[in-house]
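Below is one structure; the comments refer to it alone.
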Amino acid sequence: MSQADLTMQGHSTAAMAEPTFSVPAKKMAMWLFIIADTATFAGCLVAYGFIRNSTPDWPRPFHSITNVALMTLILLTSSLTMLIGVRSAQKGDKAGAFRWTMITAVAGILFAILHIREWMGMIGEGATLFHNPWGTPLFGSLFFSITGLHLLHVTGGVIALVAVGLRYKAGRYRADDLEITGLYWHFVDLVWMFVVPLVYLLNLAH
């Protein structure tokens, strides 16, 4: 083979090589979804903050944050278990990856149960989507809308974790599929870190 052929072959190989900073299509799709969803949550929280600040008699119905603190602890812990699951998958430990992914899903279910418990407490005090006993109609609408939107994302995340975990265990998905699902789960956890201070901590009873 001549020097010219070797040079052309080298150029062809370089052209076919994956770019250094390339992002897989599936991961890029998840990042784009997260960016769009971030804009949705940001719009909801900004609107909530604006309405709260412009309402002098905004209610402060929360007397304790014990339940919310427990929910936050569970969600933060689930981010750690998800990270361990992804690292296990990347190391080829399929059993460990599946186990940690399922632990993450169980943590999400516990969070949802505590979230519904929080809702039931608010409903027990007379707060609904359109009415509440504190004379500020928009409080119930904003509270249930924002927390409900987040709970919907958590529920979707739990379903995704179980589905991807089972397919990964069966050999139909790879470590990068768990990693992409983990990106979504970390995003859900991050959003909660903004919901807690704005919706709960700022509305603690004096």
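Just so we're on the same page: first chain in the structure tokens is A, next is B, and so on; residues restart at 1 for each chain, and ligands are numbered from 1 in the order they show up.
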
Nearby residues (only C-alpha atoms) at most 7 Å from range 111-113 of chain A, same-chain spacing under 2 positions excluded, as a VMD selection string:
chain A and resid 71 74 to 75 107 to 109 115 to 117 151

Go ahead and save the residues from that selection, with N, CA and C atoms, as a compact mmCIF listing (two decimals), in the first residue's frame.
```
# COMPACT_ATOMS: atom_id res chain seq x y z
N MET A 71 -39.53 14.50 53.75
CA MET A 71 -39.64 14.34 52.30
C MET A 71 -38.35 14.77 51.61
N ILE A 74 -35.54 12.22 52.13
CA ILE A 74 -35.75 11.03 51.30
C ILE A 74 -35.35 11.32 49.85
N LEU A 75 -35.74 12.50 49.36
CA LEU A 75 -35.45 12.82 47.96
C LEU A 75 -33.95 13.03 47.75
N ALA A 107 -37.72 4.96 47.25
CA ALA A 107 -37.62 6.27 47.89
C ALA A 107 -38.59 7.26 47.25
N GLY A 108 -38.71 7.19 45.93
CA GLY A 108 -39.66 8.06 45.24
C GLY A 108 -41.10 7.77 45.65
N ILE A 109 -41.42 6.50 45.85
CA ILE A 109 -42.77 6.12 46.29
C ILE A 109 -43.03 6.65 47.70
N HIS A 115 -46.02 13.14 50.43
CA HIS A 115 -46.57 14.31 49.74
C HIS A 115 -48.10 14.30 49.79
N ILE A 116 -48.68 13.14 49.53
CA ILE A 116 -50.14 13.02 49.61
C ILE A 116 -50.62 13.24 51.04
N ARG A 117 -49.83 12.76 52.01
CA ARG A 117 -50.16 13.02 53.42
C ARG A 117 -50.19 14.52 53.69
N LEU A 151 -45.08 16.58 42.00
CA LEU A 151 -45.46 15.21 42.32
C LEU A 151 -45.68 14.40 41.05
```

Quick one: everything within 10 Å of Leu190 in chain A, counting only C-alpha atoms, minus sequence neighbours fewer than 4 positions away in the same chain. Send it as number ranges by chain.
A: 75-76, 79, 184-186, 194-195

Per residue of range 135-183 of chain A within 10 Å of range 80-99 of chain A, note the shortest atom pair and the distance in Å to one decimal, counting only C-alpha atoms, and order the rows by chain and increasing residue number, as a tab-separated table.
```
residue	atom	partner	partner_atom	distance
A:Leu161	CA	A:Met82	CA	9.4
A:Val162	CA	A:Phe98	CA	9.3
A:Val164	CA	A:Phe98	CA	9.4
A:Gly165	CA	A:Phe98	CA	5.7
A:Leu166	CA	A:Phe98	CA	7.6
A:Arg167	CA	A:Phe98	CA	9.7
A:Tyr168	CA	A:Phe98	CA	7.5
A:Lys169	CA	A:Phe98	CA	6.4
A:Ala170	CA	A:Lys94	CA	9.8
A:Gly171	CA	A:Lys94	CA	9.2
A:Arg174	CA	A:Ala89	CA	7.9
A:Ala175	CA	A:Ala89	CA	5.0
A:Asp176	CA	A:Gln90	CA	7.9
A:Asp177	CA	A:Val86	CA	9.2
A:Leu178	CA	A:Val86	CA	6.1
A:Glu179	CA	A:Val86	CA	5.6
A:Ile180	CA	A:Val86	CA	9.3
A:Thr181	CA	A:Met82	CA	9.1
A:Gly182	CA	A:Met82	CA	6.2
A:Leu183	CA	A:Met82	CA	9.3
```

Calculated over only C-alpha atoms, which of the candidates A:Val196, A:Leu114, A:Leu142, A:Phe187 has the smallest distance to Gly157 in chain A?
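Among the listed residues, the smallest separation from Gly157 in chain A belongs to A:Phe187.
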
Looking only at the backbone, which of the residues in chain A does DSSP tag as helix (DSSP H, G or I), as a ChimeraX atom specification?
/A:3-16,25-53,66-90,94-124,137-169,175-203

Could you name the residues that touch range 43-49 of chain A at 8 Å or less, counting only C-alpha atoms, but leaving out those on the same chain fewer than 2 positions away, as a PyMOL selection string?
chain A and resi 39-41+51-53+142+146+195+198

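A straight line drawn from CA of Trp119 in chain A to CA of Leu149 in chain A is 13.1 Å long.
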
Using only C-alpha atoms: which of A:Leu129, A:Leu110, A:Ile123, A:Val191 has the shortest distance to Thr155 in chain A:
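Among the listed residues, the smallest separation from Thr155 in chain A belongs to A:Leu110.
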
Enter the distance from CA of Ala25 in chain A to CA of Val158 in chain A, in Å, rounded to one decimal.
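Interatomic distance, CA of Ala25 in chain A to CA of Val158 in chain A: 22.8 Å.
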
Please determine, counting only C-alpha atoms, which residue among A:Phe143, A:Trp192, A:Tyr200, A:Trp58 has the shortest atom-to-atom distance to Thr72 in chain A.
A:Trp192

Give me, as a PyMOL selection string, all polymer residues having an atom no more than 12 Å from Gly135 in chain A, counting only C-alpha atoms and skipping those fewer than 6 positions away in the same chain.
chain A and resi 55-61+126-127
